[in-house]
Amino acid sequence: MGLLSDPVRRRALARLVLRLNAPLCVLSYVAGIAWFLALAFPPLTQRTYMSENAMGSTMVEEQFVGGDRARSFARDFAAYRRKSGALPVAWLERTMRSVGLEVYTQSFSRKLPFPDETHERYMVSGTNVYGILRAPRAASTESLVFTVPCGSDSTNSQAVGLLLALAAHFRGQIYWAKDIIFLVTEHDLLGTEAWLEAYHDVNVTGMQSSPLQGWAGAIQAAVALELSSDVVTSLDVAVEGLNGQLPNLDLLNLFQTFCQKGGLLCTLQGKLQPQDWTSLDGPLQGLQTLLLMVLQQASGRPHGPHGLFLRYRVEALTLRGINSFRQYKYDLVAVGKALEGMFRKLNHLLERLHQSFFLYLLPALSRFVSIGLYMPAAGFLLLVLGLKALELWMQLHEAGVGLEAGGGPGPSAPLPPAQGVGLASLVAPLLVSQAMGLALYILPVLGQHVATQHFPVGEAEAVVLTLLAIYVAGLALPHNTHRVVSTQAPDRGWMALKLVALIYLALQLGCIALTNFSLGFLLAATMVPAAALTEPHGPRPLYAALLVLTGPAATLLGSLFLWRELQEAPLSIAEGWQLFLAALAQGVLEHYTYGALLFPLLALGLYPCWLLFWNVLFWK
Amino acid sequence: MAAAMPLALVVLLLLGPGGPARAESPRDSLREELVITPLPSGDVAATFQFRIRWDSELQREGDTDHYFLRYAVLPREVVCTENLTPWKKLLPCSSKAGLSVLLKADRLFHTRYHSQAVHIRPICRNARCTSISWELRQTLSVVFDAFITGQGKKDWSLFRMFSRTLTEPCPLASESRVYVDITNYSQDNETVEVNPPPTTTYEDVILGTRRTYAVYDLLDTAMINNSRNLNLQLKWKKPPENEAPPVPFLHAQRYVSGYGLQKGELSTLLYNTHPYRAFPVLLLDSVPWYLRLYVHTLTITSKGKENKPSYIHYQPAQDRLQPHLLEMLIQLPANSVTKVSIQFERALLKWTEYTPDPNHGFYISPSVLSALVPSMVAAKPVDWEGSPLFNTLFPVSDGSSYFVRLYTEPLLVNLPTPDFSMPYNVICLTCTVVAVCYGSFYNLLTRTFHIEEPSTGGLAKRLANLIRRARGVPPL
């Protein structure tokens with residue numbers, strides 16, 4: 001601080017920042033990207049370890065043997081489901097009651113804002129069935145949830161069968177200290193959301209549902225299972241939840257413990273974990289997994305039904321049984337034993353899972369990067385914006401003060417006339433861009449009926465096309481605002497606007513990186529260079545192209561291609577475009593149905609900010 | 001059913017006259033009984049009751065306010081064997097003879113439901129209440145689970161339940177009986193069979209329904225002498241169907257709604273399943289001070305309409321001194337669900353006030369519901385001496401209703417909890433960083449800095465000035 005309060009040194013420092021600005025910016029950006037890429041390498045990734053004592057050393061012996069029972073339950077369930085064409089509620093109730101659970105149902109209905117073409121649904125109504133296994137002699141203050149989502153197609157029957165068989169096995173044991181809720185939801189995540197809202201007696205998304213009849217206290221943890229075959233080759237675990245929330249790392253460690261104990265093949269993001277971390281291959285493979293996780297987390301969509309539990313501070317993850325062409329297959333008993341072990345250890349918990357990390361990245365199932373180690377990557381990227389803003393601020397003052405006080409311009413020296421002009425000229429672009437953002441947020445869903453009347457498109461198409469139209473229209477608009485702007489000091493105008501835009505962007509990205517690092521980093525990595533470079537002089541078409549290519553929409557499109565590339569299922573251009581349109585519709589839908597925040601964040605926050613840079617670029 | 005949730009450990013000290021005067025009763029008497037109720041689900045419930053009465057005048061202050069009721073609850077405590085052992089030691093025969101030989105800890109805690117109680121109260125010995133006796137009543141209820149204890153089989157015997165049989169009565173007991181509920185099975189005698197066949201039966205109205213009990217009197221010498229021991233057996237001839245159990249007229253549920261660590265709502269659902277009769281209930285809620293209740297958000301709705309309680313008593317909490325106390329008299333319409341909800345804000349505790357396991361959450365004690373529930377059949381008021389002990393658990397006052405006190409489940413609420421893994425580091429570091437940054441940034445922002453002209457000259461000039469001043473000449 002002494003450095004800054006000494007005017008001489010301050011001036012020297014300022015000169016240094018001004019002169020070395022461009023190299024510093026480049027260095028900082030490169031450092032950020034390099035740091036991120038280095039995250040998959042051993043000094044930065046650490047081995048995971050169990051922090052929770054209650055789940056650590058306690059021995060648990062799995063005794064589940066109900067494989068045949070699970071298969072017969074699954075067959076019956078599938079048959080009844082085919083017959084009724086929906087969830088066989090009566091059969092489920094009867095079966096759950098016969099294995100000794102307290103059974104309740106909950107019906108719900110939801111009219112989506114526009115038809116969901118991916119899942120083919122619009123007016124949704126369904127019934128959730130749940131059975132509660134009451135812990136003997138306990139007072140129902142805590143519970144665990146085992147949930148199986150059932151979609152419209154006939155997958156997941158085996159998961160229901162395994163759920164029922166496990167329920168029957170668990171019911172015969174005396175050691176339970178927490179109630180266990182066995183939940184089968186209809187319309188997969190919509191049903192889960194309806195049940196969770198009813199359980200916590202809140203209404204977040206405008207779901208209509210009947211009130212619940214039975215409660216079992218505070219939910220401590222939840223496990224979701226998706227399983228569509230009698231045998232599996234591997235189990236995939238999904239951790240990313242709504243808005244990029246993650247469960248406590250201990251829950252994942254628990255799963256991994258039982259993977260190892262049962263000799264199961266377990267994957268993360270569909271990737272096996274590399275064995276050799278000393279050579280280059282292991283970390284490179286880890287980097288792929290890490291990138292997949294970053295993309296998945298940045299999308300802010302729940303990567304399974306567990307994602308919706310995280311909002312209620314219930315630690316949860318989803319297990320998916322994968323049946324591929326591998327030779328060695330596991331039957332339902334192996335999966336059931338892993339689940340039994342997990343539930344028994346969760347049953348031992350004295351406190352909520354809180355010991356381990358909540359913010360982490362995973363390059364492999366047994367490796368993690370903690371928040372302290374990955375945050376610098378985002379920090380370096382945001383530093384570019386800060387440096388650029390500092391440079392502009394100082395240039396603005398030097399321009400305004402001129403040669404006043406013999407070249408000793410104190411940054412706090414008041415500049416009434418010049419600043420007045422700067423601020424007035426900012427109001428119009430700020431207002432216009434924010435208005436565009438608001439239109440982008442509201443109009444597509446609001447105007448879908450008008451669009452379908454006048455154009456030959458369906459509602460879902462109308463929404464997506466309106467989105468794109470408004471997005472593109474935003475690019476044309478800023479030209480109109482120039483008449484309002486005073487042209488007294490041409491350079492000061494755009495510099496002030498760019499300064500505001502840079503600070504605005506830095507603030508937004510900083511906040512996003514704190515809550516959802518992946519999204520923050522991804523946006524920073526794409527938007528920062530264009531934001532730093534943009535100015536109304538120089539190679540304008542090049543800047544314009546760069547700006548368009550790093551805008552929110554192009555980032556989304558690019559992420560989709562990268563995601564499929566990493567999954568080793570590359571997209572063609574046409575497929576990519578289709579997927580892009582579907583992703584847009586899904587993004588809007590998820591905002592309305594589950595409360596995902598990516599769409600409003602982009603529409604109300606980043607898109608207007610990005611328009612400001614566009615405005616800077618075409619400043620006259 | 002949540003109505004009969006196994007509450008942790010509630011000891012109610014009821015001070016007050018124990019009812020109207022009654023005839024002289026045998027002094028220092030012990031009565032013991034066991035009621036076995038087979039449930040349609042295949043489970044079986046067993047309730048022990050021991051009543052000791054003695055006439056010694058314990059210390060009694062003259063001016064005690066009898067109408068002053070104290071209520072305390074430890075919602076966190078779970079009943080276990082260490083509660084059973086001292087409880088058994090209060091019995092005159094300990095666990096040596098009589099019904100108490102069945103009280104084997106490993107069996108009693110291998111059950112689905114376990115509840116244990118001690119009631120002590122003074123009882124007037126005559127109409128003017130000039131002298132009193134003391135009554136100590138001990139109750140233990142367990143429910144054996146067909147799925148766990150019975151390994152799926154639904155036949156029961158004393159040996160199967162308690163791994164003991166009855167051999168002799170307690171020599172001190174004036175009455176020692178076993179009752180088996182055979183209400184639904186006595187008519188056709190085809191669903192359940194009791195062995196040995198009972199010699200006498202007893203009929204009464206319990207909880208508003210007429211019930212029949214097979215009675216086995218241990219003091220009856222023929223009962224034991226036949227085979228040296230008594231092992232009651234229940235056999236289901238026709239296995240009971242898995243149907244939803246009958247719902248009691250009054251039951252309740254309680255839960256916390258909302259999410260996040262700032263606000264929340266306590267909701268209590270009161271069910272009146274009686275087809276045509278409404279009745280009032282008294283709801284007593286005691287909420288710790290660290291949930292700051294907003295009383296203006298108290299809403300009571302039945303059948304979609306607001307239900308105004310006829311009486312509300314609210315005593316606000318004082319931080320760290322006393323909890324909130326909320327007492328209401330609510331009329332429950334027939335066949336309805338009444339929802340009582342009140343919003344709260346979670347307080348931030350001082351860091352020394354957290355429990356050793358703060359992330360477990362904090363317990364909120366159960367609501368207490370007291371009600372006169374309308375009875376289906378008319379019952380005569382209880383004769384306290386003549387009728388079995390279990391009959392006085394739900395006393396009948398005027399024949400058309402019986403008294404029930406229910407406890408809802410306790411709740412677990414998470415409070416905002418700091419990370420206790422390294423509190424000092426975090427607190428110290430944060431405070432230091434804030435202090436340093438704030439101070440210096442404030443300094444930078446509020447001051448303007450100017451470059452001071454360096455004083456030219458130096459030592460020579462100063463010396464010259466000194467000389468000039470001495471000479472009286474103006475300085476340079």
# chains A, B, ... in the order shown; residues from 1 in each chain; ligands from 1
>>> residues_around(residues="region 403-411 of chain B", least_positions_apart="2", cutoff="8 Å", atoms="only C-alpha atoms", output="tab-separated table (two decimals) with N, CA and C atoms, in the first residue's frame")
chain	number	residue	atom	x	y	z
A	139	ALA	N	-37.06	-42.44	15.68
A	139	ALA	CA	-38.18	-41.51	15.65
A	139	ALA	C	-38.35	-40.83	14.31
A	140	SER	N	-37.84	-41.44	13.24
A	140	SER	CA	-38.01	-40.87	11.89
A	140	SER	C	-37.49	-39.45	11.80
A	141	THR	N	-36.33	-39.20	12.31
A	141	THR	CA	-35.79	-37.85	12.17
A	141	THR	C	-34.87	-37.74	10.96
A	217	GLY	N	-38.49	-37.35	7.94
A	217	GLY	CA	-37.44	-36.51	8.51
A	217	GLY	C	-36.52	-35.92	7.47
A	218	ALA	N	-35.37	-35.46	7.95
A	218	ALA	CA	-34.42	-34.78	7.08
A	218	ALA	C	-33.65	-35.81	6.25
B	2	ALA	N	-47.67	-42.35	12.60
B	2	ALA	CA	-46.87	-41.36	13.30
B	2	ALA	C	-47.45	-41.03	14.66
B	3	ALA	N	-48.70	-41.38	14.84
B	3	ALA	CA	-49.38	-41.03	16.07
B	3	ALA	C	-48.65	-41.61	17.28
B	4	ALA	N	-48.14	-42.78	17.12
B	4	ALA	CA	-47.52	-43.43	18.26
B	4	ALA	C	-46.02	-43.55	18.05
B	5	MET	N	-45.43	-42.49	17.59
B	5	MET	CA	-43.99	-42.51	17.35
B	5	MET	C	-43.24	-42.81	18.63
B	7	LEU	N	-41.28	-41.96	21.07
B	7	LEU	CA	-40.67	-40.74	21.55
B	7	LEU	C	-39.49	-41.12	22.40
B	75	PRO	N	-35.59	-34.35	23.18
B	75	PRO	CA	-35.95	-35.06	21.94
B	75	PRO	C	-34.80	-35.88	21.37
B	251	HIS	N	-54.63	-38.69	14.29
B	251	HIS	CA	-53.19	-38.87	14.22
B	251	HIS	C	-52.57	-37.62	13.63
B	252	ALA	N	-51.27	-37.52	13.72
B	252	ALA	CA	-50.62	-36.26	13.36
B	252	ALA	C	-49.27	-36.52	12.76
B	253	GLN	N	-48.80	-35.55	12.01
B	253	GLN	CA	-47.49	-35.64	11.39
B	253	GLN	C	-46.85	-34.28	11.45
B	254	ARG	N	-45.54	-34.25	11.49
B	254	ARG	CA	-44.87	-32.97	11.58
B	254	ARG	C	-43.64	-32.99	10.69
B	255	TYR	N	-43.35	-31.90	10.05
B	255	TYR	CA	-42.17	-31.84	9.20
B	255	TYR	C	-41.70	-30.39	9.06
B	256	VAL	N	-40.49	-30.25	8.61
B	256	VAL	CA	-39.93	-28.92	8.34
B	256	VAL	C	-40.02	-28.69	6.85
B	363	TYR	N	-32.28	-30.69	17.38
B	363	TYR	CA	-33.58	-31.34	17.53
B	363	TYR	C	-34.64	-30.35	18.00
B	364	ILE	N	-35.79	-30.48	17.42
B	364	ILE	CA	-36.95	-29.70	17.85
B	364	ILE	C	-37.92	-30.69	18.49
B	365	SER	N	-38.35	-30.38	19.68
B	365	SER	CA	-39.16	-31.35	20.40
B	365	SER	C	-40.51	-31.56	19.73
B	366	PRO	N	-41.13	-32.71	19.95
B	366	PRO	CA	-42.41	-33.01	19.30
B	366	PRO	C	-43.52	-32.10	19.81
B	367	SER	N	-44.53	-31.91	18.98
B	367	SER	CA	-45.75	-31.25	19.46
B	367	SER	C	-46.52	-32.25	20.30
B	368	VAL	N	-47.25	-31.76	21.25
B	368	VAL	CA	-48.07	-32.63	22.09
B	368	VAL	C	-49.53	-32.32	21.78
B	369	LEU	N	-50.27	-33.35	21.47
B	369	LEU	CA	-51.69	-33.19	21.16
B	369	LEU	C	-52.49	-33.85	22.26
B	370	SER	N	-53.42	-33.12	22.83
B	370	SER	CA	-54.30	-33.73	23.82
B	370	SER	C	-55.72	-33.56	23.30
B	371	ALA	N	-56.48	-34.65	23.32
B	371	ALA	CA	-57.82	-34.54	22.76
B	371	ALA	C	-58.75	-35.53	23.42
B	372	LEU	N	-60.03	-35.17	23.41
B	372	LEU	CA	-61.08	-36.11	23.78
B	372	LEU	C	-61.65	-36.62	22.46
B	373	VAL	N	-61.29	-37.83	22.11
B	373	VAL	CA	-61.68	-38.36	20.81
B	373	VAL	C	-63.03	-39.06	20.94
B	394	PHE	N	-56.18	-44.90	28.50
B	394	PHE	CA	-56.96	-43.94	27.72
B	394	PHE	C	-58.28	-43.71	28.45
B	395	PRO	N	-58.26	-42.91	29.50
B	395	PRO	CA	-59.42	-42.84	30.38
B	395	PRO	C	-60.64	-42.27	29.66
B	396	VAL	N	-61.79	-42.79	30.00
B	396	VAL	CA	-63.05	-42.33	29.44
B	396	VAL	C	-63.66	-41.38	30.47
B	397	SER	N	-64.09	-40.22	30.01
B	397	SER	CA	-64.63	-39.28	30.99
B	397	SER	C	-66.16	-39.33	31.03
B	401	SER	N	-66.56	-40.24	24.77
B	401	SER	CA	-65.23	-39.93	24.23
B	401	SER	C	-64.17	-40.45	25.19
B	413	VAL	N	-33.33	-29.97	12.57
B	413	VAL	CA	-33.19	-28.76	11.79
B	413	VAL	C	-31.72	-28.36	11.74
>>> residues_around(residues="region 153-170 of chain A", least_positions_apart="3", cutoff="8 Å", atoms="only C-alpha atoms", output="CSV table (one decimal) with C-alpha atoms, in the first residue's frame")
chain,number,residue,atom,x,y,z
A,64,PHE,CA,-27.7,-59.4,-0.5
A,66,GLY,CA,-31.8,-61.5,-4.1
A,67,GLY,CA,-30.7,-61.5,-7.7
A,69,ARG,CA,-36.0,-62.0,-6.9
A,70,ALA,CA,-34.9,-58.7,-8.5
A,71,ARG,CA,-35.1,-60.2,-12.0
A,72,SER,CA,-38.6,-61.5,-11.4
A,73,PHE,CA,-39.7,-58.2,-10.0
A,74,ALA,CA,-38.2,-56.5,-13.0
A,75,ARG,CA,-40.1,-58.9,-15.4
A,77,PHE,CA,-42.9,-54.6,-13.6
A,78,ALA,CA,-42.0,-54.5,-17.3
A,81,ARG,CA,-45.9,-51.4,-17.6
A,82,ARG,CA,-46.4,-52.5,-21.1
A,95,THR,CA,-45.5,-55.1,-4.1
A,96,MET,CA,-44.0,-52.5,-1.9
A,99,VAL,CA,-42.2,-56.5,1.2
A,100,GLY,CA,-43.2,-54.6,4.3
A,101,LEU,CA,-42.9,-50.9,3.4
A,133,LEU,CA,-38.8,-48.4,5.5
A,146,PHE,CA,-33.0,-44.6,-3.0
A,148,VAL,CA,-35.3,-44.9,-9.6
A,149,PRO,CA,-36.6,-42.6,-12.3
A,150,CYS,CA,-38.9,-44.1,-14.9
A,173,GLN,CA,-32.6,-56.2,9.0
A,182,PHE,CA,-37.7,-46.1,-1.9
A,184,VAL,CA,-40.0,-44.6,-8.1
A,225,LEU,CA,-30.0,-45.9,-10.1
A,226,GLU,CA,-30.5,-46.3,-13.8
A,227,LEU,CA,-30.2,-49.8,-15.1
A,228,SER,CA,-31.7,-51.4,-18.2
A,229,SER,CA,-30.3,-54.8,-18.4
A,230,ASP,CA,-29.9,-57.9,-16.3
A,332,LEU,CA,-27.7,-57.7,-10.3
A,336,GLY,CA,-27.1,-54.9,-5.3
A,340,GLU,CA,-26.3,-52.4,0.1
>>> interface_residues(of="chain A", to="chain B", cutoff="6 Å", atoms="only C-alpha atoms", output="MDAnalysis selection string")
chainID A and resid 136:137 139 141 172 200:202 312 351:352
>>> atom_distance(atom1="CA of Pro288 (chain B)", atom2="CA of Glu142 (chain A)")
19.3 Å
>>> closest_residue(among="B:Val35, B:Ile312, B:Lys305, B:Ser286", to="Ser141 (chain B)", atoms="only C-alpha atoms")
B:Val35
>>> residues_around(residues="region 164-181 of chain B", least_positions_apart="4", cutoff="8 Å", atoms="only C-alpha atoms", output="PyMOL selection string")
chain B and resi 29-38+92-93+97-99+101-102+158-160+211-219+224+228-231
>>> atom_distance(atom1="CA of Gln395 (chain A)", atom2="CA of Leu507 (chain A)")
21.3 Å
>>> residues_around(residues="region 495-499 of chain A", least_positions_apart="3", cutoff="7 Å", atoms="only C-alpha atoms", output="list in words")
Ala389, Leu392, Gly422, Leu426, Asp491, Arg492, Leu502, Ile503, Phe613 and Val616 of chain A
>>> atom_distance(atom1="CA of Gln256 (chain A)", atom2="CA of Gln273 (chain A)")
11.5 Å
>>> residues_around(residues="Glu117 (chain A)", least_positions_apart="6", cutoff="12 Å", atoms="only C-alpha atoms", output="number ranges by chain")
A: 458-461, 463-464, 579, 581-586, 589
>>> write_last_selection(atoms="N, CA, C and O atoms", output="PDB file, in the first residue's frame")
ATOM      1  N   GLY A 458     -43.639 -25.213 -35.383  1.00  0.00           N
ATOM      2  CA  GLY A 458     -44.204 -25.658 -34.122  1.00  0.00           C
ATOM      3  C   GLY A 458     -43.763 -24.753 -32.998  1.00  0.00           C
ATOM      4  O   GLY A 458     -42.895 -23.890 -33.182  1.00  0.00           O
ATOM      5  N   GLU A 459     -44.344 -24.944 -31.814  1.00  0.00           N
ATOM      6  CA  GLU A 459     -44.028 -24.054 -30.689  1.00  0.00           C
ATOM      7  C   GLU A 459     -42.545 -24.119 -30.322  1.00  0.00           C
ATOM      8  O   GLU A 459     -41.905 -23.093 -30.108  1.00  0.00           O
ATOM      9  N   ALA A 460     -42.029 -25.352 -30.229  1.00  0.00           N
ATOM     10  CA  ALA A 460     -40.647 -25.494 -29.793  1.00  0.00           C
ATOM     11  C   ALA A 460     -39.703 -24.837 -30.792  1.00  0.00           C
ATOM     12  O   ALA A 460     -38.778 -24.119 -30.426  1.00  0.00           O
ATOM     13  N   GLU A 461     -39.995 -25.063 -32.076  1.00  0.00           N
ATOM     14  CA  GLU A 461     -39.178 -24.437 -33.119  1.00  0.00           C
ATOM     15  C   GLU A 461     -39.282 -22.919 -33.034  1.00  0.00           C
ATOM     16  O   GLU A 461     -38.287 -22.208 -33.158  1.00  0.00           O
ATOM     17  N   VAL A 463     -39.814 -21.073 -30.487  1.00  0.00           N
ATOM     18  CA  VAL A 463     -39.036 -20.538 -29.370  1.00  0.00           C
ATOM     19  C   VAL A 463     -37.572 -20.444 -29.756  1.00  0.00           C
ATOM     20  O   VAL A 463     -36.930 -19.408 -29.572  1.00  0.00           O
ATOM     21  N   VAL A 464     -37.042 -21.533 -30.326  1.00  0.00           N
ATOM     22  CA  VAL A 464     -35.615 -21.553 -30.657  1.00  0.00           C
ATOM     23  C   VAL A 464     -35.289 -20.516 -31.724  1.00  0.00           C
ATOM     24  O   VAL A 464     -34.308 -19.774 -31.619  1.00  0.00           O
ATOM     25  N   LEU A 579     -28.254 -30.511 -32.913  1.00  0.00           N
ATOM     26  CA  LEU A 579     -28.013 -30.663 -31.485  1.00  0.00           C
ATOM     27  C   LEU A 579     -28.016 -29.300 -30.803  1.00  0.00           C
ATOM     28  O   LEU A 579     -28.521 -29.137 -29.681  1.00  0.00           O
ATOM     29  N   LEU A 581     -29.716 -26.618 -31.764  1.00  0.00           N
ATOM     30  CA  LEU A 581     -31.108 -26.153 -31.623  1.00  0.00           C
ATOM     31  C   LEU A 581     -31.790 -26.870 -30.460  1.00  0.00           C
ATOM     32  O   LEU A 581     -32.483 -26.260 -29.648  1.00  0.00           O
ATOM     33  N   ALA A 582     -31.543 -28.188 -30.370  1.00  0.00           N
ATOM     34  CA  ALA A 582     -32.164 -28.955 -29.285  1.00  0.00           C
ATOM     35  C   ALA A 582     -31.649 -28.474 -27.938  1.00  0.00           C
ATOM     36  O   ALA A 582     -32.414 -28.339 -26.973  1.00  0.00           O
ATOM     37  N   ALA A 583     -30.333 -28.164 -27.881  1.00  0.00           N
ATOM     38  CA  ALA A 583     -29.751 -27.721 -26.620  1.00  0.00           C
ATOM     39  C   ALA A 583     -30.348 -26.393 -26.196  1.00  0.00           C
ATOM     40  O   ALA A 583     -30.594 -26.159 -25.005  1.00  0.00           O
ATOM     41  N   LEU A 584     -30.591 -25.510 -27.171  1.00  0.00           N
ATOM     42  CA  LEU A 584     -31.214 -24.224 -26.840  1.00  0.00           C
ATOM     43  C   LEU A 584     -32.583 -24.448 -26.213  1.00  0.00           C
ATOM     44  O   LEU A 584     -32.901 -23.888 -25.159  1.00  0.00           O
ATOM     45  N   ALA A 585     -33.382 -25.294 -26.892  1.00  0.00           N
ATOM     46  CA  ALA A 585     -34.727 -25.554 -26.374  1.00  0.00           C
ATOM     47  C   ALA A 585     -34.649 -26.181 -24.984  1.00  0.00           C
ATOM     48  O   ALA A 585     -35.386 -25.805 -24.063  1.00  0.00           O
ATOM     49  N   GLN A 586     -33.714 -27.144 -24.815  1.00  0.00           N
ATOM     50  CA  GLN A 586     -33.573 -27.803 -23.515  1.00  0.00           C
ATOM     51  C   GLN A 586     -33.156 -26.808 -22.432  1.00  0.00           C
ATOM     52  O   GLN A 586     -33.648 -26.857 -21.307  1.00  0.00           O
ATOM     53  N   LEU A 589     -36.137 -24.869 -21.447  1.00  0.00           N
ATOM     54  CA  LEU A 589     -37.076 -25.738 -20.720  1.00  0.00           C
ATOM     55  C   LEU A 589     -36.582 -26.023 -19.307  1.00  0.00           C
ATOM     56  O   LEU A 589     -37.350 -25.992 -18.354  1.00  0.00           O
TER      57      LEU A 589
END
>>> closest_residue(among="A:Phe561, A:Tyr328, A:Trp91, A:Trp619", to="Ser234 (chain A)", atoms="only C-alpha atoms")
A:Tyr328
>>> residues_around(residues="Gly304 (chain B)", least_positions_apart="4", cutoff="12 Å", atoms="only C-alpha atoms", output="PyMOL selection string")
chain B and resi 299-300+333+336-339
>>> write_last_selection(atoms="C-alpha atoms", output="CSV table (one decimal), in the first residue's frame")
chain,number,residue,atom,x,y,z
B,299,THR,CA,-51.8,-20.2,9.7
B,300,ILE,CA,-54.2,-22.9,10.5
B,333,PRO,CA,-63.8,-30.7,11.4
B,336,SER,CA,-60.4,-33.5,7.5
B,337,VAL,CA,-56.7,-32.6,7.6
B,338,THR,CA,-55.8,-29.5,9.5
B,339,LYS,CA,-52.4,-27.9,8.7
>>> residues_around(residues="Thr257 (chain A)", least_positions_apart="2", cutoff="10 Å", atoms="only C-alpha atoms", output="PyMOL selection string")
chain A and resi 49-50+56+251-255+259-263+338+341-342+366
>>> write_last_selection(atoms="C-alpha atoms", output="CSV table (one decimal), in the first residue's frame")
chain,number,residue,atom,x,y,z
A,49,TYR,CA,-9.4,-40.1,0.5
A,50,MET,CA,-12.3,-40.7,2.8
A,56,GLY,CA,-14.1,-44.9,7.0
A,251,LEU,CA,-20.1,-39.8,-1.3
A,252,LEU,CA,-18.1,-40.5,-4.4
A,253,ASN,CA,-15.3,-42.0,-2.3
A,254,LEU,CA,-17.9,-44.3,-0.7
A,255,PHE,CA,-19.0,-45.5,-4.2
A,259,CYS,CA,-16.4,-50.5,-6.6
A,260,GLN,CA,-13.0,-51.7,-5.4
A,261,LYS,CA,-14.4,-54.1,-2.8
A,262,GLY,CA,-16.8,-55.8,-5.2
A,263,GLY,CA,-14.3,-55.7,-8.1
A,338,ALA,CA,-22.5,-52.4,-3.8
A,341,GLY,CA,-22.8,-51.5,1.3
A,342,MET,CA,-23.3,-47.9,0.4
A,366,SER,CA,-9.8,-41.7,-7.6
>>> decode(residues="region 13-25 of chain A", atoms="N, CA and C atoms", output="short mmCIF file (atom, residue, chain, number, x, y, z; two decimals), in the first residue's frame")
data_model
loop_
_atom_site.label_atom_id
_atom_site.label_comp_id
_atom_site.auth_asym_id
_atom_site.auth_seq_id
_atom_site.Cartn_x
_atom_site.Cartn_y
_atom_site.Cartn_z
N LEU A 13 4.71 2.90 -11.35
CA LEU A 13 3.96 1.66 -11.48
C LEU A 13 2.95 1.77 -12.62
N ALA A 14 2.30 2.95 -12.65
CA ALA A 14 1.29 3.16 -13.70
C ALA A 14 1.94 3.09 -15.07
N ARG A 15 3.12 3.68 -15.16
CA ARG A 15 3.80 3.68 -16.45
C ARG A 15 4.16 2.25 -16.86
N LEU A 16 4.57 1.49 -15.84
CA LEU A 16 4.94 0.10 -16.09
C LEU A 16 3.73 -0.68 -16.62
N VAL A 17 2.60 -0.48 -15.93
CA VAL A 17 1.38 -1.20 -16.33
C VAL A 17 0.98 -0.80 -17.74
N LEU A 18 1.11 0.50 -18.04
CA LEU A 18 0.71 0.97 -19.36
C LEU A 18 1.63 0.42 -20.44
N ARG A 19 2.93 0.46 -20.15
CA ARG A 19 3.87 0.06 -21.19
C ARG A 19 3.82 -1.45 -21.42
N LEU A 20 3.74 -2.19 -20.32
CA LEU A 20 3.80 -3.65 -20.44
C LEU A 20 2.42 -4.30 -20.52
N ASN A 21 1.41 -3.46 -20.78
CA ASN A 21 0.05 -4.02 -20.70
C ASN A 21 -0.16 -5.20 -21.62
N ALA A 22 0.16 -5.02 -22.87
CA ALA A 22 -0.11 -6.10 -23.83
C ALA A 22 0.64 -7.38 -23.47
N PRO A 23 1.96 -7.33 -23.22
CA PRO A 23 2.63 -8.59 -22.83
C PRO A 23 2.07 -9.19 -21.55
N LEU A 24 1.74 -8.34 -20.59
CA LEU A 24 1.20 -8.86 -19.33
C LEU A 24 -0.11 -9.59 -19.58
N CYS A 25 -0.96 -8.97 -20.42
CA CYS A 25 -2.25 -9.60 -20.71
C CYS A 25 -2.05 -10.96 -21.36
#
